[in-house]
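Everything below belongs to protein-v4.cif, which stores mmCIF, C-alpha atoms.
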```cif
data_start
loop_
_atom_site.label_atom_id
_atom_site.label_comp_id
_atom_site.auth_asym_id
_atom_site.auth_seq_id
_atom_site.Cartn_x
_atom_site.Cartn_y
_atom_site.Cartn_z
CA MET M 10 106.27 135.24 128.56
CA THR M 11 105.48 136.64 125.11
CA ASP M 12 105.84 140.24 123.95
CA THR M 13 102.62 142.22 123.64
CA LEU M 14 104.38 145.23 122.09
CA GLU M 15 107.66 145.73 120.27
CA PHE M 16 109.24 148.94 119.02
CA ASP M 17 111.85 148.09 116.40
CA ALA M 18 114.25 151.02 115.75
CA VAL M 19 111.38 153.52 115.46
CA THR M 20 112.10 157.07 114.26
CA LYS M 21 109.50 159.84 114.04
CA GLN M 22 110.08 163.37 112.83
CA PHE M 23 107.87 166.45 112.82
CA GLY M 24 109.49 168.78 110.32
CA ALA M 25 113.03 169.46 111.51
CA VAL M 26 112.31 168.05 114.99
CA THR M 27 113.21 164.42 115.67
CA ALA M 28 110.64 163.28 118.23
CA LEU M 29 111.93 159.69 118.36
CA ASP M 30 115.41 158.64 117.34
CA GLY M 31 115.69 154.90 116.61
CA VAL M 32 113.79 153.84 119.74
CA GLY M 33 113.62 150.13 120.47
CA PHE M 34 112.00 148.28 123.38
CA SER M 35 109.47 145.55 124.12
CA VAL M 36 106.68 145.05 126.66
CA LYS M 37 105.84 141.60 128.01
CA GLN M 38 102.29 140.32 128.30
CA GLY M 39 100.79 141.44 131.62
CA GLU M 40 103.59 143.92 132.30
CA THR M 41 103.20 147.58 133.21
CA ILE M 42 105.98 149.91 132.08
CA ALA M 43 106.34 153.62 132.81
CA LEU M 44 107.72 156.08 130.26
CA LEU M 45 109.31 158.81 132.37
CA GLY M 46 110.79 162.06 131.17
CA PRO M 47 110.29 165.81 130.77
CA SER M 48 107.87 167.42 128.35
CA GLY M 49 108.97 167.05 124.74
CA CYS M 50 111.10 163.94 125.27
CA GLY M 51 108.93 161.70 123.04
CA LYS M 52 106.68 159.91 125.56
CA THR M 53 103.36 160.93 124.05
CA THR M 54 104.67 160.36 120.52
CA ILE M 55 105.21 156.71 121.48
CA LEU M 56 101.58 156.47 122.62
CA ARG M 57 100.30 158.11 119.44
CA LEU M 58 102.30 155.67 117.29
CA ILE M 59 100.91 152.70 119.20
CA ALA M 60 97.35 154.01 119.00
CA GLY M 61 97.62 154.72 115.27
CA PHE M 62 97.30 158.51 115.42
CA GLU M 63 100.77 158.77 113.87
CA GLN M 64 102.86 156.52 111.61
CA PRO M 65 106.62 155.96 112.05
CA ASP M 66 109.03 157.42 109.50
CA ALA M 67 111.33 154.43 110.04
CA GLY M 68 111.18 151.21 112.01
CA ARG M 69 108.22 149.08 113.02
CA VAL M 70 105.57 148.98 115.74
CA LEU M 71 104.38 145.43 116.40
CA LEU M 72 101.37 144.54 118.57
CA GLY M 73 101.00 140.87 119.38
CA GLY M 74 103.67 140.19 116.75
CA ARG M 75 101.66 141.97 114.03
CA ASP M 76 103.09 145.00 112.22
CA MET M 77 100.71 147.94 112.78
CA ALA M 78 101.82 149.80 109.64
CA GLY M 79 98.83 151.30 107.87
CA LEU M 80 96.23 150.14 110.41
CA ARG M 81 93.73 152.78 111.54
CA PRO M 82 93.19 153.42 115.29
CA TYR M 83 89.88 151.51 115.31
CA GLN M 84 91.65 148.48 113.81
CA ARG M 85 93.97 148.17 116.82
CA ASN M 86 92.89 146.52 120.04
CA VAL M 87 94.26 149.31 122.21
CA GLY M 88 92.62 151.07 125.17
CA LEU M 89 93.26 154.74 125.91
CA LEU M 90 93.00 156.68 129.17
CA PHE M 91 93.58 160.38 128.64
CA GLN M 92 94.82 162.99 131.08
CA HIS M 93 91.43 164.73 131.22
CA TYR M 94 89.29 161.57 130.89
CA ALA M 95 87.20 162.81 127.86
CA LEU M 96 83.95 161.40 129.25
CA PHE M 97 80.77 162.06 127.30
CA PRO M 98 78.85 164.57 129.48
CA HIS M 99 75.41 163.63 128.11
CA MET M 100 75.88 159.92 128.89
CA THR M 101 75.51 158.10 132.19
CA VAL M 102 78.37 156.23 133.82
CA ALA M 103 77.07 152.95 132.42
CA GLU M 104 76.67 154.42 128.94
CA ASN M 105 80.21 155.83 128.99
CA ILE M 106 81.64 152.46 129.99
CA ALA M 107 79.58 150.66 127.36
CA TYR M 108 80.45 153.03 124.51
CA GLY M 109 83.38 151.10 123.07
CA LEU M 110 81.58 147.78 123.37
CA ARG M 111 78.51 149.05 121.52
CA TYR M 112 80.69 150.65 118.85
CA ARG M 113 82.13 147.18 118.19
CA GLY M 114 78.72 145.60 117.97
CA THR M 115 78.97 143.56 121.17
CA PRO M 116 75.69 141.78 122.05
CA LYS M 117 73.53 143.64 124.58
CA ALA M 118 73.67 140.92 127.22
CA GLU M 119 77.46 140.86 127.06
CA VAL M 120 77.59 144.66 127.24
CA ALA M 121 75.45 144.67 130.38
CA ALA M 122 77.56 141.96 132.02
CA ARG M 123 80.83 143.72 131.17
CA VAL M 124 79.56 147.08 132.49
CA THR M 125 78.59 145.41 135.77
CA GLU M 126 82.02 143.79 135.97
CA MET M 127 83.81 147.09 135.33
CA LEU M 128 81.73 148.94 137.92
CA ARG M 129 82.73 146.33 140.48
CA LEU M 130 86.39 146.48 139.55
CA VAL M 131 86.56 150.28 139.88
CA ARG M 132 84.32 150.31 142.96
CA LEU M 133 81.49 152.38 141.48
CA GLU M 134 78.59 150.01 142.08
CA GLY M 135 75.38 151.99 142.50
CA MET M 136 76.57 154.89 140.32
CA ALA M 137 75.66 153.49 136.90
CA ASP M 138 72.93 156.10 136.29
CA ARG M 139 74.90 159.18 137.32
CA ARG M 140 76.35 161.62 134.80
CA PRO M 141 79.98 162.83 134.84
CA ASP M 142 79.10 166.23 136.37
CA GLN M 143 77.65 164.38 139.37
CA LEU M 144 80.97 162.67 140.10
CA SER M 145 84.16 163.72 141.86
CA GLY M 146 87.42 163.91 139.96
CA GLY M 147 88.53 160.56 141.32
CA GLN M 148 85.24 158.93 140.35
CA GLN M 149 85.48 160.37 136.83
CA GLN M 150 88.97 158.91 136.54
CA ARG M 151 87.62 155.50 137.52
CA VAL M 152 84.87 155.72 134.90
CA ALA M 153 87.41 156.61 132.21
CA LEU M 154 89.56 153.68 133.29
CA ALA M 155 86.59 151.30 133.25
CA ARG M 156 85.66 152.48 129.74
CA ALA M 157 89.23 151.95 128.51
CA MET M 158 89.38 148.43 129.97
CA ALA M 159 85.85 147.31 129.07
CA THR M 160 86.86 146.13 125.60
CA ARG M 161 89.65 144.00 127.10
CA PRO M 162 92.38 145.62 125.00
CA GLU M 163 95.67 143.92 124.20
CA LEU M 164 97.38 147.01 125.52
CA LEU M 165 96.19 149.85 127.75
CA LEU M 166 97.77 153.29 127.23
CA LEU M 167 97.60 155.77 130.11
CA ASP M 168 98.66 159.34 129.34
CA GLU M 169 99.41 161.20 132.61
CA PRO M 170 96.38 159.42 134.10
CA LEU M 171 96.47 161.03 137.56
CA SER M 172 97.92 164.49 136.91
CA ALA M 173 94.54 166.26 137.09
CA LEU M 174 93.94 165.08 140.67
CA ASP M 175 95.10 166.57 143.97
CA ALA M 176 98.15 165.08 145.69
CA ARG M 177 96.35 162.92 148.28
CA LEU M 178 93.91 161.49 145.74
CA ARG M 179 96.79 160.73 143.36
CA GLN M 180 98.47 158.64 146.05
CA ASP M 181 95.28 156.67 146.76
CA LEU M 182 94.45 156.06 143.10
CA ARG M 183 98.02 155.02 142.25
CA THR M 184 97.60 152.08 144.59
CA GLU M 185 94.14 151.26 143.24
CA LEU M 186 95.31 151.46 139.63
CA ARG M 187 98.36 149.25 140.29
CA ASP M 188 96.20 146.63 142.03
CA LEU M 189 93.57 146.72 139.28
CA LEU M 190 96.12 146.21 136.51
CA ALA M 191 97.61 143.28 138.43
CA GLU M 192 94.19 141.74 139.15
CA THR M 193 93.12 141.87 135.51
CA GLY M 194 96.53 140.96 134.05
CA THR M 195 96.35 144.00 131.78
CA THR M 196 99.41 144.99 129.77
CA ALA M 197 99.88 148.74 130.19
CA ILE M 198 102.11 151.68 129.33
CA VAL M 199 101.97 154.68 131.66
CA VAL M 200 103.29 158.03 130.43
CA THR M 201 104.30 160.38 133.23
CA HIS M 202 106.75 163.06 134.28
CA ASP M 203 106.19 162.19 137.95
CA GLN M 204 108.94 160.02 139.43
CA GLU M 205 106.79 158.68 142.27
CA GLU M 206 104.04 157.71 139.84
CA ALA M 207 106.54 155.92 137.60
CA MET M 208 108.10 154.02 140.50
CA SER M 209 104.78 153.02 142.07
CA LEU M 210 103.07 151.91 138.83
CA GLY M 211 105.85 150.67 136.56
CA GLN M 212 107.33 147.21 136.87
CA ARG M 213 110.00 148.69 134.63
CA ILE M 214 110.84 152.35 134.05
CA PHE M 215 112.11 153.79 130.76
CA VAL M 216 113.79 157.16 131.31
CA MET M 217 113.57 159.30 128.18
CA ARG M 218 115.27 162.43 126.94
CA ALA M 219 115.33 164.09 123.52
CA GLY M 220 113.64 161.20 121.70
CA ARG M 221 115.81 158.45 123.17
CA ILE M 222 115.59 155.97 126.02
CA LEU M 223 118.55 156.67 128.29
CA GLN M 224 118.00 153.83 130.74
CA GLN M 225 115.47 151.11 131.43
CA GLY M 226 115.12 148.77 134.37
CA ILE M 227 113.17 147.95 137.49
CA PRO M 228 112.47 150.99 139.71
CA ASP M 229 115.12 150.14 142.33
CA GLU M 230 117.78 149.71 139.65
CA VAL M 231 117.03 152.99 137.89
CA TYR M 232 116.79 154.90 141.18
CA TRP M 233 119.90 153.54 142.89
CA GLN M 234 122.07 152.75 139.86
CA PRO M 235 121.58 155.57 137.34
CA GLN M 236 123.78 155.30 134.27
CA ASP M 237 124.03 159.02 133.53
CA ARG M 238 123.69 162.36 135.29
CA PHE M 239 120.33 163.21 133.74
CA THR M 240 118.73 159.99 134.98
CA ALA M 241 120.27 160.42 138.43
CA GLU M 242 118.86 163.93 138.82
CA PHE M 243 115.49 163.27 137.16
CA MET M 244 114.75 160.33 139.45
CA GLY M 245 114.93 162.43 142.62
CA ARG M 246 117.17 164.37 144.96
CA VAL M 247 120.85 163.60 144.61
CA ASN M 248 124.19 164.68 146.07
CA TRP M 249 127.33 165.04 143.98
CA LEU M 250 130.61 164.72 145.85
CA ASP M 251 133.94 165.56 144.24
CA GLY M 252 136.84 163.33 145.09
CA SER M 253 138.87 160.37 143.95
CA PHE M 254 138.58 156.60 144.01
CA VAL M 255 141.46 155.05 145.96
CA THR M 256 142.37 151.80 147.65
CA GLY M 257 142.28 152.03 151.43
CA ALA M 258 143.55 149.63 154.08
CA ALA M 259 140.17 147.89 154.30
CA GLY M 260 139.24 148.11 150.61
CA PRO M 261 138.14 150.71 148.06
CA VAL M 262 137.18 154.16 149.33
CA PHE M 263 136.09 157.48 147.87
CA ARG M 264 138.23 160.32 149.27
CA THR M 265 136.96 163.92 149.20
CA PRO M 266 139.30 166.93 148.92
CA GLY M 267 138.83 167.48 152.66
CA GLY M 268 140.13 164.00 153.45
CA TRP M 269 136.80 162.36 154.30
CA GLU M 270 136.79 158.71 153.23
CA ILE M 271 133.67 156.77 152.26
CA ALA M 272 133.78 153.00 151.88
CA VAL M 273 132.46 152.03 148.45
CA PRO M 274 132.11 148.87 146.34
CA ALA M 275 134.66 148.09 143.68
CA LEU M 276 134.56 150.60 140.87
CA PRO M 277 132.55 149.21 137.93
CA SER M 278 134.44 148.29 134.79
CA GLY M 279 134.93 151.23 132.46
CA GLN M 280 134.69 153.90 135.20
CA ALA M 281 138.31 153.97 136.27
CA GLY M 282 138.44 157.72 135.80
CA ALA M 283 135.42 158.45 137.99
CA THR M 284 135.88 161.55 140.11
CA GLU M 285 132.31 162.11 141.34
CA LEU M 286 130.20 160.09 143.73
CA CYS M 287 126.41 160.26 143.33
CA LEU M 288 124.57 159.70 146.63
CA ARG M 289 120.85 159.86 147.40
CA PRO M 290 119.98 161.83 150.57
CA GLU M 291 118.70 158.56 152.09
CA SER M 292 122.26 157.18 151.97
CA ILE M 293 123.43 159.82 154.45
CA GLU M 294 122.35 159.79 158.09
CA MET M 295 122.79 162.45 160.74
CA VAL M 296 124.15 160.58 163.75
CA GLY M 297 124.14 163.53 166.13
CA ALA M 298 125.93 166.69 167.14
CA ASP M 299 129.65 166.85 166.52
CA HIS M 300 131.86 167.66 169.50
CA GLY M 301 135.17 167.03 167.82
CA ILE M 302 136.71 165.99 164.56
CA ARG M 303 136.40 162.27 163.74
CA THR M 304 138.11 160.67 160.78
CA ASP M 305 136.41 157.25 160.73
CA THR M 306 135.80 155.91 157.23
CA GLY M 307 132.17 156.57 156.35
CA THR M 308 131.71 159.68 158.50
CA MET M 309 131.81 163.38 157.63
CA ARG M 310 131.65 166.56 159.68
CA GLY M 311 129.66 169.62 158.70
CA VAL M 312 127.46 172.55 159.67
CA LEU M 313 123.67 172.41 159.47
CA GLU M 314 122.64 175.24 157.15
CA GLN M 315 118.93 174.64 156.51
CA THR M 316 116.06 172.25 157.21
CA THR M 317 113.08 171.70 154.91
CA LEU M 318 109.95 169.89 156.07
CA LEU M 319 108.33 167.60 153.46
CA GLY M 320 105.59 165.97 155.52
CA PRO M 321 106.92 162.64 156.82
CA THR M 322 110.46 163.52 155.66
CA ARG M 323 112.80 166.31 156.64
CA ILE M 324 115.65 167.39 154.34
CA LEU M 325 118.76 168.74 156.04
CA SER M 326 121.25 170.85 154.10
CA VAL M 327 124.75 170.40 155.51
CA ARG M 328 127.94 172.15 154.43
CA LEU M 329 130.92 169.85 154.89
CA SER M 330 134.21 171.03 156.34
CA ASP M 331 135.77 170.87 152.85
CA GLY M 332 133.18 173.31 151.47
CA GLN M 333 130.94 170.82 149.65
CA SER M 334 127.22 170.67 150.53
CA VAL M 335 124.99 167.61 150.87
CA GLU M 336 121.33 166.94 151.55
CA VAL M 337 120.32 164.42 154.20
CA ALA M 338 116.87 162.79 154.28
CA MET M 339 115.53 161.71 157.66
CA PRO M 340 112.14 160.85 159.15
CA ASN M 341 110.25 163.83 160.56
CA ARG M 342 110.14 163.01 164.24
CA SER M 343 108.59 165.06 167.01
CA GLN M 344 111.76 165.57 169.04
CA ALA M 345 113.52 168.90 168.87
CA MET M 346 115.82 169.34 165.91
CA LEU M 347 119.34 170.70 166.00
CA GLN M 348 119.57 174.42 165.41
CA VAL M 349 120.81 175.86 162.14
CA GLY M 350 124.51 176.56 162.58
CA SER M 351 125.12 173.46 164.72
CA PHE M 352 128.01 171.14 163.95
CA VAL M 353 126.79 167.66 162.99
CA MET M 354 128.33 164.30 162.23
CA LEU M 355 127.08 162.33 159.23
CA ALA M 356 127.32 158.59 158.57
CA VAL M 357 127.50 157.71 154.89
CA ASN M 358 126.56 154.48 153.12
CA GLY M 359 128.72 154.63 150.01
CA HIS M 360 127.60 151.21 148.79
CA ASN M 361 124.38 152.84 147.52
CA GLY M 362 126.35 155.33 145.44
CA ALA M 363 127.11 155.54 141.73
CA PHE M 364 130.29 156.84 140.10
CA PHE M 365 130.62 159.30 137.23
CA GLY M 366 133.46 160.86 135.34
CA ALA M 367 134.26 164.53 135.64
#
```
Go ahead and express the file in the form of structure tokens.
Amino acid sequence: MTDTLEFDAVTKQFGAVTALDGVGFSVKQGETIALLGPSGCGKTTILRLIAGFEQPDAGRVLLGGRDMAGLRPYQRNVGLLFQHYALFPHMTVAENIAYGLRYRGTPKAEVAARVTEMLRLVRLEGMADRRPDQLSGGQQQRVALARAMATRPELLLLDEPLSALDARLRQDLRTELRDLLAETGTTAIVVTHDQEEAMSLGQRIFVMRAGRILQQGIPDEVYWQPQDRFTAEFMGRVNWLDGSFVTGAAGPVFRTPGGWEIAVPALPSGQAGATELCLRPESIEMVGADHGIRTDTGTMRGVLEQTTLLGPTRILSVRLSDGQSVEVAMPNRSQAMLQVGSFVMLAVNGHNGAFFGA
């Protein structure tokens, strides 16, 4: 599979601010990647460099193997989907979709055929003659997407494409967008600060901070095997347990100051001094009320301090007997929950954990 895009040690500065610091990565043909990070980390600067709105101070941006240096935006076969859609209010849906094609001098018959195809792909058949103010937010997003894809760009750039929509509509359109990109084989880069959006849309995720890519990989890898504390915390809820890595009778274990032992895989090379275990709340399960102290490897005793309902999931905050606190994620079932202040027993899957130095 060939590379559609390559960033070769790209640096970009705005005055004294380094927006990108020697960034390098590539995107395969037909692949969707997600650039994930907080505001100001360099995500949008990458899009602007690809689109031609900015030029790198050092390094190269290659599209289809061709160096983009000096090429104007209209000379690059790149599609753009902005956060707020930027539809032309005086044009119909069909006219908005056709705009880029007509600007390029595409024959009328081909324009009409492509508009019909795009309307089918985004499920807006029968709405060709409506204007943007006659559409819902989700329908406007589909029109903007159809317009961006109508020219069949080498690369589609999506800048926070769903952030202007309500939560339920975002979930629905994430699935539609992912399926549409797969159906058309479109190469795409999605910029987002939303972890769920990155994991649902990106075949690979690039976590960014301060102009650098901290980690890249498939969603499961980045979520379960973070390589630094920032990535671990930015990807979702996380527990940090103090302790030490020791060899138990049945293999390696992580021992907390209170004596709780959690079976873990062999410590990765180079992390021999690790004294913290990073665990997602999903790796801890409440197995019931505690009626006595158990010391089985992989279990911990604590007091339920708080419960937080998050729709289908409930987060339990538990203070362990050694004073440390953990969060436990569990399905929100209808049966009665334990009362705050109850003693509980937790089962821990340490094989999903990651180790970090102090």
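Residues with any atom within 8 Å of Pro82 in chain M, counting only C-alpha atoms and excluding same-chain neighbours fewer than 2 positions away, are Ala60, Gly61, Phe62, Leu80, Gln84 and Arg85 of chain M.
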(message) I'd like the neighbourhood of range 65-75 of chain M as a list in words, where a residue qualifies if any of its atoms comes within 7 Å (using all atoms listed in the file), though same-chain residues fewer than 5 positions away should be ignored.
(response) Asp12, Thr13, Leu14, Glu15, Phe16, Asp17, Ala18, Val19, Thr20, Lys21, Gln22, Leu58 and Ile59 of chain M
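Within 7 Å of Ala338 in chain M, once only C-alpha atoms are used and residues closer than 2 positions along the same chain are dropped, the contacting residues are Pro290, Glu291, Thr322, Arg323, Ile324, Leu325 and Glu336 of chain M.
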(message) Which residues, named as in the file, does the PyMOL selection byres ((chain M and resi 206) around 10) pick out? Answer as a list in words.
(response) Ala43, Leu45, Glu169, Pro170, Leu171, Ser172, Arg179, Gln180, Arg183, Thr184, Val199, Val200, Thr201, His202, Asp203, Gln204, Glu205, Ala207, Met208, Ser209, Leu210 and Gly211 of chain M
(message) If we count only C-alpha atoms and set the cut-off at 8 Å, which residues sit around Leu130 in chain M, ignoring sequence neighbours fewer than 4 positions away in its own chain? Please answer as a list in words.
(response) Glu126, Ala155 and Leu189 of chain M
Running the PyMOL selection byres ((chain M and resi 103) around 7) on this model by hand, what would come out? Give it as a compact mmCIF listing (two decimals) with C-alpha atoms, in the coordinates of the input.
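Listing of expr_23.txt after writing:
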```txt
# COMPACT_ATOMS: atom_id res chain seq x y z
CA THR M 101 75.51 158.10 132.19
CA VAL M 102 78.37 156.23 133.82
CA GLU M 104 76.67 154.42 128.94
CA ASN M 105 80.21 155.83 128.99
CA ILE M 106 81.64 152.46 129.99
CA ALA M 107 79.58 150.66 127.36
CA VAL M 124 79.56 147.08 132.49
CA ALA M 137 75.66 153.49 136.90
CA ASP M 138 72.93 156.10 136.29
```
(message) as an MDAnalysis selection string, please: the residues near Glu134 in chain M (cut-off 8 Å, all atoms listed in the file, same-chain neighbours under 4 positions excluded).
(response) chainID M and resid 125 128:129
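Put simply, CA of Gln333 in chain M is 21.7 Å away from CA of Pro235 in chain M.
Between CA of Arg264 in chain M and CA of Thr240 in chain M the interatomic distance comes to 24.2 Å.
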